[in-house]
>>> print(open('model.pdb').read())   # PDB, C-alpha atoms and all ligand atoms
ATOM      1  CA  MET A 655       0.000   0.000   0.000  1.00  0.00           C
ATOM      2  CA  ARG A 656       3.024   2.271   0.211  1.00  0.00           C
ATOM      3  CA  ARG A 657       3.006   5.147  -2.218  1.00  0.00           C
ATOM      4  CA  GLU A 658       5.995   7.090  -3.460  1.00  0.00           C
ATOM      5  CA  ALA A 659       5.671  10.717  -4.537  1.00  0.00           C
ATOM      6  CA  PRO A 660       8.668  11.899  -6.593  1.00  0.00           C
ATOM      7  CA  SER A 661       8.165  15.462  -5.358  1.00  0.00           C
ATOM      8  CA  ALA A 662       8.351  14.311  -1.732  1.00  0.00           C
ATOM      9  CA  ALA A 663      11.692  12.631  -2.398  1.00  0.00           C
ATOM     10  CA  ARG A 664      12.976  15.927  -3.829  1.00  0.00           C
ATOM     11  CA  ASN A 665      11.622  18.396  -1.300  1.00  0.00           C
ATOM     12  CA  ARG A 666      11.677  16.538   2.022  1.00  0.00           C
ATOM     13  CA  GLN A 667      15.288  17.439   2.903  1.00  0.00           C
ATOM     14  CA  PRO A 668      15.000  21.135   1.914  1.00  0.00           C
ATOM     15  CA  ILE A 669      11.802  21.297   4.000  1.00  0.00           C
ATOM     16  CA  LEU A 670      13.481  19.596   6.967  1.00  0.00           C
ATOM     17  CA  ASP A 671      16.368  22.087   6.748  1.00  0.00           C
ATOM     18  CA  VAL A 672      13.876  24.960   7.073  1.00  0.00           C
ATOM     19  CA  LEU A 673      11.767  23.304   9.771  1.00  0.00           C
ATOM     20  CA  ARG A 674      14.450  21.925  12.057  1.00  0.00           C
ATOM     21  CA  PRO A 675      15.584  25.181  13.721  1.00  0.00           C
ATOM     22  CA  HIS A 676      11.968  26.109  14.519  1.00  0.00           C
ATOM     23  CA  LEU A 677      10.765  22.831  16.017  1.00  0.00           C
ATOM     24  CA  PRO A 678      10.889  22.087  19.746  1.00  0.00           C
ATOM     25  CA  ALA A 679      13.289  19.397  20.996  1.00  0.00           C
ATOM     26  CA  GLU A 680      10.354  17.255  22.079  1.00  0.00           C
ATOM     27  CA  GLY A 681       6.596  17.201  21.735  1.00  0.00           C
ATOM     28  CA  LEU A 682       3.997  16.320  19.115  1.00  0.00           C
ATOM     29  CA  VAL A 683       4.155  17.393  15.472  1.00  0.00           C
ATOM     30  CA  LEU A 684       0.833  17.054  13.653  1.00  0.00           C
ATOM     31  CA  GLU A 685       1.054  16.749   9.893  1.00  0.00           C
ATOM     32  CA  ILE A 686      -2.067  17.690   7.925  1.00  0.00           C
ATOM     33  CA  ALA A 687      -2.585  16.084   4.476  1.00  0.00           C
ATOM     34  CA  SER A 688       0.363  13.714   4.821  1.00  0.00           C
ATOM     35  CA  GLY A 689      -0.325  12.047   1.461  1.00  0.00           C
ATOM     36  CA  SER A 690       2.073   9.147   0.923  1.00  0.00           C
ATOM     37  CA  GLY A 691       3.577   9.744   4.383  1.00  0.00           C
ATOM     38  CA  GLU A 692       7.125  10.208   3.137  1.00  0.00           C
ATOM     39  CA  HIS A 693       7.590  13.614   4.739  1.00  0.00           C
ATOM     40  CA  THR A 694       6.567  12.411   8.182  1.00  0.00           C
ATOM     41  CA  MET A 695       8.879   9.385   7.811  1.00  0.00           C
ATOM     42  CA  HIS A 696      11.836  11.563   6.839  1.00  0.00           C
ATOM     43  CA  PHE A 697      11.247  14.068   9.631  1.00  0.00           C
ATOM     44  CA  ALA A 698      10.635  11.378  12.256  1.00  0.00           C
ATOM     45  CA  ALA A 699      13.843   9.542  11.384  1.00  0.00           C
ATOM     46  CA  ALA A 700      15.844  12.769  11.617  1.00  0.00           C
ATOM     47  CA  LEU A 701      14.167  14.072  14.799  1.00  0.00           C
ATOM     48  CA  PRO A 702      13.768  11.113  17.186  1.00  0.00           C
ATOM     49  CA  GLY A 703      12.979  13.373  20.160  1.00  0.00           C
ATOM     50  CA  LEU A 704       9.684  14.368  18.562  1.00  0.00           C
ATOM     51  CA  THR A 705       6.529  12.322  18.091  1.00  0.00           C
ATOM     52  CA  PHE A 706       4.791  12.637  14.721  1.00  0.00           C
ATOM     53  CA  GLN A 707       1.065  12.405  14.103  1.00  0.00           C
ATOM     54  CA  PRO A 708       0.363  11.982  10.373  1.00  0.00           C
ATOM     55  CA  SER A 709      -3.133  12.502   8.988  1.00  0.00           C
ATOM     56  CA  ASP A 710      -5.074  12.681   5.759  1.00  0.00           C
ATOM     57  CA  SER A 711      -8.720  12.776   4.721  1.00  0.00           C
ATOM     58  CA  ASN A 712      -8.053  10.055   2.140  1.00  0.00           C
ATOM     59  CA  ALA A 713      -8.139   6.397   3.239  1.00  0.00           C
ATOM     60  CA  ASP A 714      -5.589   5.230   0.640  1.00  0.00           C
ATOM     61  CA  ALA A 715      -3.166   7.885   1.851  1.00  0.00           C
ATOM     62  CA  ARG A 716      -3.609   6.734   5.452  1.00  0.00           C
ATOM     63  CA  ALA A 717      -2.923   3.134   4.405  1.00  0.00           C
ATOM     64  CA  SER A 718       0.272   4.270   2.661  1.00  0.00           C
ATOM     65  CA  ILE A 719       1.404   6.204   5.731  1.00  0.00           C
ATOM     66  CA  ASP A 720       0.843   3.278   8.095  1.00  0.00           C
ATOM     67  CA  ASP A 721       2.582   0.889   5.702  1.00  0.00           C
ATOM     68  CA  TRP A 722       5.634   3.190   5.592  1.00  0.00           C
ATOM     69  CA  THR A 723       5.681   3.456   9.394  1.00  0.00           C
ATOM     70  CA  GLU A 724       5.595  -0.301   9.811  1.00  0.00           C
ATOM     71  CA  THR A 725       8.150  -0.935   7.071  1.00  0.00           C
ATOM     72  CA  LEU A 726      10.619   1.576   8.479  1.00  0.00           C
ATOM     73  CA  GLY A 727       9.916   0.554  12.088  1.00  0.00           C
ATOM     74  CA  LEU A 728       9.654   4.151  13.268  1.00  0.00           C
ATOM     75  CA  LYS A 729       8.590   4.201  16.913  1.00  0.00           C
ATOM     76  CA  ASN A 730       7.942   7.943  17.034  1.00  0.00           C
ATOM     77  CA  VAL A 731       5.199   7.927  14.372  1.00  0.00           C
ATOM     78  CA  ARG A 732       1.603   7.398  15.465  1.00  0.00           C
ATOM     79  CA  PRO A 733      -0.984   5.652  13.291  1.00  0.00           C
ATOM     80  CA  ALA A 734      -2.413   7.988  10.650  1.00  0.00           C
ATOM     81  CA  ILE A 735      -5.706   9.622  11.590  1.00  0.00           C
ATOM     82  CA  ASP A 736      -8.666  10.610   9.432  1.00  0.00           C
ATOM     83  CA  LEU A 737      -8.532  14.385   9.593  1.00  0.00           C
ATOM     84  CA  ASP A 738     -10.338  16.726   7.213  1.00  0.00           C
ATOM     85  CA  ALA A 739      -8.682  20.105   7.566  1.00  0.00           C
ATOM     86  CA  ALA A 740     -11.958  21.824   6.700  1.00  0.00           C
ATOM     87  CA  SER A 741     -13.740  20.234   9.648  1.00  0.00           C
ATOM     88  CA  GLN A 742     -14.364  22.270  12.774  1.00  0.00           C
ATOM     89  CA  GLU A 743     -13.629  19.234  14.933  1.00  0.00           C
ATOM     90  CA  TRP A 744     -10.325  17.466  14.576  1.00  0.00           C
ATOM     91  CA  PRO A 745      -9.661  14.038  16.160  1.00  0.00           C
ATOM     92  CA  VAL A 746      -6.628  15.388  18.006  1.00  0.00           C
ATOM     93  CA  LYS A 747      -6.759  17.843  20.860  1.00  0.00           C
ATOM     94  CA  SER A 748      -3.324  19.451  20.957  1.00  0.00           C
ATOM     95  CA  ALA A 749      -0.011  19.650  19.109  1.00  0.00           C
ATOM     96  CA  ASP A 750       3.247  21.503  19.603  1.00  0.00           C
ATOM     97  CA  ALA A 751       3.701  22.171  15.882  1.00  0.00           C
ATOM     98  CA  ILE A 752       1.563  21.723  12.761  1.00  0.00           C
ATOM     99  CA  VAL A 753       2.957  21.059   9.294  1.00  0.00           C
ATOM    100  CA  CYS A 754       0.991  21.119   6.034  1.00  0.00           C
ATOM    101  CA  ILE A 755       2.766  20.447   2.741  1.00  0.00           C
ATOM    102  CA  ASN A 756       1.137  20.871  -0.662  1.00  0.00           C
ATOM    103  CA  MET A 757      -2.511  20.912   0.383  1.00  0.00           C
ATOM    104  CA  ILE A 758      -3.579  24.548   0.210  1.00  0.00           C
ATOM    105  CA  HIS A 759      -3.620  24.792  -3.604  1.00  0.00           C
ATOM    106  CA  ILE A 760      -5.183  21.367  -4.151  1.00  0.00           C
ATOM    107  CA  SER A 761      -8.209  21.724  -1.899  1.00  0.00           C
ATOM    108  CA  PRO A 762     -11.055  24.243  -1.559  1.00  0.00           C
ATOM    109  CA  TRP A 763     -10.321  27.451   0.349  1.00  0.00           C
ATOM    110  CA  GLN A 764     -12.442  26.029   3.204  1.00  0.00           C
ATOM    111  CA  ALA A 765      -9.612  23.574   3.891  1.00  0.00           C
ATOM    112  CA  THR A 766      -7.187  26.460   4.380  1.00  0.00           C
ATOM    113  CA  LEU A 767      -9.678  28.265   6.626  1.00  0.00           C
ATOM    114  CA  GLY A 768     -10.028  25.049   8.625  1.00  0.00           C
ATOM    115  CA  LEU A 769      -6.274  24.507   8.732  1.00  0.00           C
ATOM    116  CA  VAL A 770      -5.561  27.885  10.271  1.00  0.00           C
ATOM    117  CA  ALA A 771      -8.565  27.714  12.621  1.00  0.00           C
ATOM    118  CA  GLY A 772      -7.525  24.223  13.741  1.00  0.00           C
ATOM    119  CA  ALA A 773      -3.951  25.350  14.301  1.00  0.00           C
ATOM    120  CA  ALA A 774      -5.242  28.269  16.392  1.00  0.00           C
ATOM    121  CA  ARG A 775      -7.288  25.814  18.515  1.00  0.00           C
ATOM    122  CA  LEU A 776      -4.553  23.234  19.021  1.00  0.00           C
ATOM    123  CA  LEU A 777      -1.245  25.071  19.232  1.00  0.00           C
ATOM    124  CA  PRO A 778       0.109  26.618  22.410  1.00  0.00           C
ATOM    125  CA  SER A 779       1.415  30.150  22.458  1.00  0.00           C
ATOM    126  CA  GLY A 780       4.616  30.133  20.389  1.00  0.00           C
ATOM    127  CA  GLY A 781       3.599  26.954  18.535  1.00  0.00           C
ATOM    128  CA  LEU A 782       4.675  26.693  14.890  1.00  0.00           C
ATOM    129  CA  LEU A 783       2.336  26.487  11.907  1.00  0.00           C
ATOM    130  CA  TYR A 784       4.286  25.599   8.755  1.00  0.00           C
ATOM    131  CA  THR A 785       2.917  25.443   5.222  1.00  0.00           C
ATOM    132  CA  TYR A 786       4.716  24.616   1.989  1.00  0.00           C
ATOM    133  CA  GLY A 787       3.635  24.955  -1.608  1.00  0.00           C
ATOM    134  CA  PRO A 788       3.287  27.335  -4.552  1.00  0.00           C
ATOM    135  CA  TYR A 789       1.768  30.766  -3.900  1.00  0.00           C
ATOM    136  CA  HIS A 790       1.037  33.819  -6.010  1.00  0.00           C
ATOM    137  CA  ARG A 791       2.549  37.066  -4.788  1.00  0.00           C
ATOM    138  CA  ASP A 792       0.566  40.310  -5.153  1.00  0.00           C
ATOM    139  CA  GLY A 793      -2.004  38.295  -7.131  1.00  0.00           C
ATOM    140  CA  ARG A 794       0.510  37.192  -9.750  1.00  0.00           C
ATOM    141  CA  PRO A 795       2.220  33.838 -10.393  1.00  0.00           C
ATOM    142  CA  THR A 796       5.870  33.835  -9.356  1.00  0.00           C
ATOM    143  CA  ALA A 797       6.856  31.815 -12.444  1.00  0.00           C
ATOM    144  CA  PRO A 798       5.304  30.718 -15.766  1.00  0.00           C
ATOM    145  CA  SER A 799       5.262  27.124 -14.519  1.00  0.00           C
ATOM    146  CA  ASN A 800       3.104  28.181 -11.559  1.00  0.00           C
ATOM    147  CA  ALA A 801       0.681  29.985 -13.904  1.00  0.00           C
ATOM    148  CA  GLU A 802       0.308  26.784 -15.947  1.00  0.00           C
ATOM    149  CA  PHE A 803      -0.063  24.711 -12.789  1.00  0.00           C
ATOM    150  CA  ASP A 804      -2.781  27.055 -11.516  1.00  0.00           C
ATOM    151  CA  THR A 805      -4.710  26.762 -14.791  1.00  0.00           C
ATOM    152  CA  ASP A 806      -4.465  22.992 -14.641  1.00  0.00           C
ATOM    153  CA  LEU A 807      -5.620  22.870 -11.009  1.00  0.00           C
ATOM    154  CA  ARG A 808      -8.666  25.056 -11.703  1.00  0.00           C
ATOM    155  CA  ARG A 809      -9.537  22.938 -14.737  1.00  0.00           C
ATOM    156  CA  ARG A 810      -9.477  19.820 -12.571  1.00  0.00           C
ATOM    157  CA  ASP A 811     -11.570  21.464  -9.852  1.00  0.00           C
ATOM    158  CA  PRO A 812     -12.733  25.105  -9.920  1.00  0.00           C
ATOM    159  CA  ALA A 813     -12.461  25.207  -6.116  1.00  0.00           C
ATOM    160  CA  TRP A 814      -8.722  24.459  -6.274  1.00  0.00           C
ATOM    161  CA  GLY A 815      -5.995  26.864  -7.255  1.00  0.00           C
ATOM    162  CA  ILE A 816      -2.810  28.549  -6.163  1.00  0.00           C
ATOM    163  CA  ARG A 817      -3.590  31.032  -3.381  1.00  0.00           C
ATOM    164  CA  ASN A 818      -2.232  34.495  -2.827  1.00  0.00           C
ATOM    165  CA  LEU A 819       0.505  34.632  -0.234  1.00  0.00           C
ATOM    166  CA  GLU A 820      -0.994  37.860   1.100  1.00  0.00           C
ATOM    167  CA  ASP A 821      -4.363  36.140   1.711  1.00  0.00           C
ATOM    168  CA  ILE A 822      -2.705  33.357   3.722  1.00  0.00           C
ATOM    169  CA  VAL A 823      -0.752  35.850   5.810  1.00  0.00           C
ATOM    170  CA  ALA A 824      -3.885  37.966   6.403  1.00  0.00           C
ATOM    171  CA  LEU A 825      -5.870  34.870   7.409  1.00  0.00           C
ATOM    172  CA  ALA A 826      -3.180  33.641   9.809  1.00  0.00           C
ATOM    173  CA  THR A 827      -2.779  37.098  11.317  1.00  0.00           C
ATOM    174  CA  SER A 828      -6.537  37.390  11.835  1.00  0.00           C
ATOM    175  CA  MET A 829      -6.432  34.082  13.750  1.00  0.00           C
ATOM    176  CA  GLY A 830      -3.705  35.240  16.124  1.00  0.00           C
ATOM    177  CA  PHE A 831      -0.541  34.130  14.329  1.00  0.00           C
ATOM    178  CA  ASP A 832       2.590  36.169  13.728  1.00  0.00           C
ATOM    179  CA  ALA A 833       4.261  35.727  10.342  1.00  0.00           C
ATOM    180  CA  LEU A 834       7.693  34.449  11.332  1.00  0.00           C
ATOM    181  CA  ASN A 835       9.404  33.817   8.033  1.00  0.00           C
ATOM    182  CA  ILE A 836       8.869  33.264   4.311  1.00  0.00           C
ATOM    183  CA  VAL A 837      11.531  31.117   2.665  1.00  0.00           C
ATOM    184  CA  GLU A 838      11.974  30.602  -1.073  1.00  0.00           C
ATOM    185  CA  MET A 839      12.212  26.901  -1.877  1.00  0.00           C
ATOM    186  CA  PRO A 840      13.183  24.901  -4.975  1.00  0.00           C
ATOM    187  CA  ALA A 841      10.768  24.727  -7.938  1.00  0.00           C
ATOM    188  CA  ASN A 842       9.090  28.071  -7.152  1.00  0.00           C
ATOM    189  CA  ASN A 843       7.591  26.953  -3.866  1.00  0.00           C
ATOM    190  CA  LEU A 844       7.553  28.827  -0.574  1.00  0.00           C
ATOM    191  CA  SER A 845       7.813  27.823   3.056  1.00  0.00           C
ATOM    192  CA  LEU A 846       5.556  29.921   5.294  1.00  0.00           C
ATOM    193  CA  LEU A 847       6.248  29.876   9.021  1.00  0.00           C
ATOM    194  CA  PHE A 848       3.811  31.324  11.560  1.00  0.00           C
ATOM    195  CA  ARG A 849       3.962  31.439  15.357  1.00  0.00           C
ATOM    196  CA  ARG A 850       0.870  31.299  17.527  1.00  0.00           C
ATOM    197  CA  GLY A 851       0.776  34.584  19.410  1.00  0.00           C
TER     198      GLY A 851
HETATM  199  C1  LIG A 901      -0.781  16.949  -3.387  1.00  0.00           C
HETATM  200  S1  LIG A 901      -1.117  15.862  -2.066  1.00  0.00           S
HETATM  201  C2  LIG A 901       0.229  16.270  -0.957  1.00  0.00           C
HETATM  202  C3  LIG A 901       0.605  15.135  -0.068  1.00  0.00           C
HETATM  203  C4  LIG A 901       1.882  15.343   0.738  1.00  0.00           C
HETATM  204  N1  LIG A 901       1.694  16.357   1.758  1.00  0.00           N
HETATM  205  C5  LIG A 901       3.031  15.696  -0.171  1.00  0.00           C
HETATM  206  O1  LIG A 901       3.410  16.863  -0.239  1.00  0.00           O
HETATM  207  O2  LIG A 901       3.542  14.775  -0.833  1.00  0.00           O
HETATM  208  C6  LIG A 901      -2.521  16.596  -1.299  1.00  0.00           C
HETATM  209  C7  LIG A 901      -3.051  15.810  -0.121  1.00  0.00           C
HETATM  210  O3  LIG A 901      -4.009  16.612   0.538  1.00  0.00           O
HETATM  211  C8  LIG A 901      -5.025  15.765   1.006  1.00  0.00           C
HETATM  212  N2  LIG A 901      -6.195  16.602   1.269  1.00  0.00           N
HETATM  213  C9  LIG A 901      -6.956  17.265   0.373  1.00  0.00           C
HETATM  214  N3  LIG A 901      -7.934  17.933   0.983  1.00  0.00           N
HETATM  215  C10 LIG A 901      -7.797  17.694   2.313  1.00  0.00           C
HETATM  216  C11 LIG A 901      -8.508  18.105   3.466  1.00  0.00           C
HETATM  217  N4  LIG A 901      -9.591  18.900   3.373  1.00  0.00           N
HETATM  218  N5  LIG A 901      -8.083  17.676   4.675  1.00  0.00           N
HETATM  219  C12 LIG A 901      -7.010  16.872   4.777  1.00  0.00           C
HETATM  220  N6  LIG A 901      -6.299  16.439   3.722  1.00  0.00           N
HETATM  221  C13 LIG A 901      -6.694  16.847   2.497  1.00  0.00           C
HETATM  222  C14 LIG A 901      -5.192  14.749  -0.095  1.00  0.00           C
HETATM  223  O4  LIG A 901      -5.857  13.581   0.335  1.00  0.00           O
HETATM  224  C15 LIG A 901      -3.733  14.510  -0.483  1.00  0.00           C
HETATM  225  O5  LIG A 901      -3.175  13.444   0.243  1.00  0.00           O
END
>>> encode(input="model.pdb", output="structure tokens")
Amino acid sequence: MRREAPSAARNRQPILDVLRPHLPAEGLVLEIASGSGEHTMHFAAALPGLTFQPSDSNADARASIDDWTETLGLKNVRPAIDLDAASQEWPVKSADAIVCINMIHISPWQATLGLVAGAARLLPSGGLLYTYGPYHRDGRPTAPSNAEFDTDLRRRDPAWGIRNLEDIVALATSMGFDALNIVEMPANNLSLLFRRG
């Protein structure tokens, strides 16, 4: 049941390099929309002091995650949970950091609203909310490839699409987060780091 996402193999180490200095030494890291599970596996192997809680709203993704966990024998990864970011009730009550990679553009805006609201409910003061993916800046694509990707996403589902960085920052700020850092990543993606105020 294990899945392999070529993009995850490429971006997991650059993401870990950005995340590592901002994560606590111990505690629970909740990943939203874990997909294949390869990011959680990579982070958990590199950061054994932390416990990782993967999740996804898709049952096949959860099966892939749990298969990876068992195959790699990682003791600091919990079984994947069924979590729809858009839901107002998540099946987890607290987390010390929340990570969401490549979901915001490939889900309705309600999922992003739910992600930030859920992070505001769960995280303690100072807790990290991290998102990764492509974003428009000032309403414009940052590269021709992102413009094409956006067109393709909206063709597949009109509710999907690359979001404006400024809208994400405004949403997070309105929910009590401070924008900590914006980091340019390979392939015209961005890391966004927010701290719960
Ligand atoms: C492009 S994949 C990214 C997976 C993984 N994070 C990665 O970067 O390889 C998008 C994932 O978001 C999940 N997803 C979409 N909408 C969601 C929602 N409302 N709540 C939770 N997960 C969602 C999908 O099931 C899928 O696994």
>>> closest_atom_pairs(input="model.pdb", of="chain A", to="ligand LIG 901 (chain A)", cutoff="10 Å", atoms="only C-alpha atoms and all ligand atoms", output="JSON lines")
{"residue": "A:Arg657", "atom": "CA", "partner": "A:LIG901", "partner_atom": "O2", "distance": 9.7}
{"residue": "A:Glu658", "atom": "CA", "partner": "A:LIG901", "partner_atom": "O2", "distance": 8.5}
{"residue": "A:Ala659", "atom": "CA", "partner": "A:LIG901", "partner_atom": "O2", "distance": 5.9}
{"residue": "A:Pro660", "atom": "CA", "partner": "A:LIG901", "partner_atom": "O2", "distance": 8.2}
{"residue": "A:Ser661", "atom": "CA", "partner": "A:LIG901", "partner_atom": "O2", "distance": 6.5}
{"residue": "A:Ala662", "atom": "CA", "partner": "A:LIG901", "partner_atom": "O2", "distance": 4.9}
{"residue": "A:Ala663", "atom": "CA", "partner": "A:LIG901", "partner_atom": "O2", "distance": 8.6}
{"residue": "A:Arg664", "atom": "CA", "partner": "A:LIG901", "partner_atom": "O2", "distance": 10.0}
{"residue": "A:Asn665", "atom": "CA", "partner": "A:LIG901", "partner_atom": "O1", "distance": 8.4}
{"residue": "A:Arg666", "atom": "CA", "partner": "A:LIG901", "partner_atom": "O1", "distance": 8.6}
{"residue": "A:Glu685", "atom": "CA", "partner": "A:LIG901", "partner_atom": "N1", "distance": 8.2}
{"residue": "A:Ile686", "atom": "CA", "partner": "A:LIG901", "partner_atom": "C12", "distance": 5.9}
{"residue": "A:Ala687", "atom": "CA", "partner": "A:LIG901", "partner_atom": "N6", "distance": 3.8}
{"residue": "A:Ser688", "atom": "CA", "partner": "A:LIG901", "partner_atom": "N1", "distance": 4.3}
{"residue": "A:Gly689", "atom": "CA", "partner": "A:LIG901", "partner_atom": "O5", "distance": 3.4}
{"residue": "A:Ser690", "atom": "CA", "partner": "A:LIG901", "partner_atom": "O2", "distance": 6.1}
{"residue": "A:Gly691", "atom": "CA", "partner": "A:LIG901", "partner_atom": "C4", "distance": 6.9}
{"residue": "A:Glu692", "atom": "CA", "partner": "A:LIG901", "partner_atom": "O2", "distance": 7.0}
{"residue": "A:His693", "atom": "CA", "partner": "A:LIG901", "partner_atom": "O2", "distance": 7.0}
{"residue": "A:Thr694", "atom": "CA", "partner": "A:LIG901", "partner_atom": "N1", "distance": 9.0}
{"residue": "A:Pro708", "atom": "CA", "partner": "A:LIG901", "partner_atom": "N1", "distance": 9.8}
{"residue": "A:Ser709", "atom": "CA", "partner": "A:LIG901", "partner_atom": "C12", "distance": 7.2}
{"residue": "A:Asp710", "atom": "CA", "partner": "A:LIG901", "partner_atom": "N6", "distance": 4.4}
{"residue": "A:Ser711", "atom": "CA", "partner": "A:LIG901", "partner_atom": "C12", "distance": 4.4}
{"residue": "A:Asn712", "atom": "CA", "partner": "A:LIG901", "partner_atom": "O4", "distance": 4.5}
{"residue": "A:Ala713", "atom": "CA", "partner": "A:LIG901", "partner_atom": "O4", "distance": 8.1}
{"residue": "A:Asp714", "atom": "CA", "partner": "A:LIG901", "partner_atom": "O4", "distance": 8.4}
{"residue": "A:Ala715", "atom": "CA", "partner": "A:LIG901", "partner_atom": "O5", "distance": 5.8}
{"residue": "A:Arg716", "atom": "CA", "partner": "A:LIG901", "partner_atom": "O5", "distance": 8.5}
{"residue": "A:Asp736", "atom": "CA", "partner": "A:LIG901", "partner_atom": "C12", "distance": 8.0}
{"residue": "A:Leu737", "atom": "CA", "partner": "A:LIG901", "partner_atom": "C12", "distance": 5.6}
{"residue": "A:Asp738", "atom": "CA", "partner": "A:LIG901", "partner_atom": "N5", "distance": 3.5}
{"residue": "A:Ala739", "atom": "CA", "partner": "A:LIG901", "partner_atom": "N5", "distance": 3.8}
{"residue": "A:Ala740", "atom": "CA", "partner": "A:LIG901", "partner_atom": "N4", "distance": 5.0}
{"residue": "A:Ser741", "atom": "CA", "partner": "A:LIG901", "partner_atom": "N4", "distance": 7.6}
{"residue": "A:Val753", "atom": "CA", "partner": "A:LIG901", "partner_atom": "N1", "distance": 9.0}
{"residue": "A:Cys754", "atom": "CA", "partner": "A:LIG901", "partner_atom": "N1", "distance": 6.4}
{"residue": "A:Ile755", "atom": "CA", "partner": "A:LIG901", "partner_atom": "N1", "distance": 4.3}
{"residue": "A:Asn756", "atom": "CA", "partner": "A:LIG901", "partner_atom": "O1", "distance": 4.6}
{"residue": "A:Met757", "atom": "CA", "partner": "A:LIG901", "partner_atom": "O3", "distance": 4.6}
{"residue": "A:Ile758", "atom": "CA", "partner": "A:LIG901", "partner_atom": "O3", "distance": 8.0}
{"residue": "A:His759", "atom": "CA", "partner": "A:LIG901", "partner_atom": "C1", "distance": 8.3}
{"residue": "A:Ile760", "atom": "CA", "partner": "A:LIG901", "partner_atom": "C6", "distance": 6.2}
{"residue": "A:Ser761", "atom": "CA", "partner": "A:LIG901", "partner_atom": "N3", "distance": 4.8}
{"residue": "A:Pro762", "atom": "CA", "partner": "A:LIG901", "partner_atom": "N4", "distance": 7.4}
{"residue": "A:Trp763", "atom": "CA", "partner": "A:LIG901", "partner_atom": "N4", "distance": 9.1}
{"residue": "A:Gln764", "atom": "CA", "partner": "A:LIG901", "partner_atom": "N4", "distance": 7.7}
{"residue": "A:Ala765", "atom": "CA", "partner": "A:LIG901", "partner_atom": "N4", "distance": 4.7}
{"residue": "A:Thr766", "atom": "CA", "partner": "A:LIG901", "partner_atom": "N4", "distance": 8.0}
{"residue": "A:Leu767", "atom": "CA", "partner": "A:LIG901", "partner_atom": "N4", "distance": 9.9}
{"residue": "A:Gly768", "atom": "CA", "partner": "A:LIG901", "partner_atom": "N4", "distance": 8.1}
{"residue": "A:Leu769", "atom": "CA", "partner": "A:LIG901", "partner_atom": "N5", "distance": 8.1}
{"residue": "A:Thr785", "atom": "CA", "partner": "A:LIG901", "partner_atom": "N1", "distance": 9.8}
{"residue": "A:Tyr786", "atom": "CA", "partner": "A:LIG901", "partner_atom": "O1", "distance": 8.2}
{"residue": "A:Gly787", "atom": "CA", "partner": "A:LIG901", "partner_atom": "O1", "distance": 8.2}
{"residue": "A:Trp814", "atom": "CA", "partner": "A:LIG901", "partner_atom": "N3", "distance": 9.8}
>>> atom_distance(input="model.pdb", atom1="atom CA of A:Arg849", atom2="atom CA of A:Leu684")
14.8 Å
>>> resolve_selection(input="model.pdb", expression="the PyMOL selection byres (((chain A and resi 679) around 10) and not hetatm)", output="count of residues only")
12
>>> axis_aligned_box(input="model.pdb", around="stretch 733-737 of chain A", padding_each_side="3 Å", output="AutoDock Vina command-line options")
--center_x -4.8 --center_y 10.0 --center_z 11.4 --size_x 13.7 --size_y 14.7 --size_z 9.9
>>> residues_around(input="model.pdb", residues="A:Ile752", least_positions_apart="4", cutoff="7 Å", atoms="all atoms listed in the file", output="number ranges by chain")
A: 683-685, 773, 782-784
>>> resolve_selection(input="model.pdb", expression="the PyMOL selection byres (((chain A and resi 774) around 8) and not hetatm)", output="list in words")
Val770, Ala771, Gly772, Ala773, Arg775, Leu776, Leu777, Met829, Gly830, Phe831 and Arg850 of chain A
>>> atom_distance(input="model.pdb", atom1="atom CA of A:Asp750", atom2="atom CA of A:Ile719")
20.7 Å
>>> atom_distance(input="model.pdb", atom1="atom CA of A:Leu847", atom2="atom CA of A:Ala700")
19.8 Å
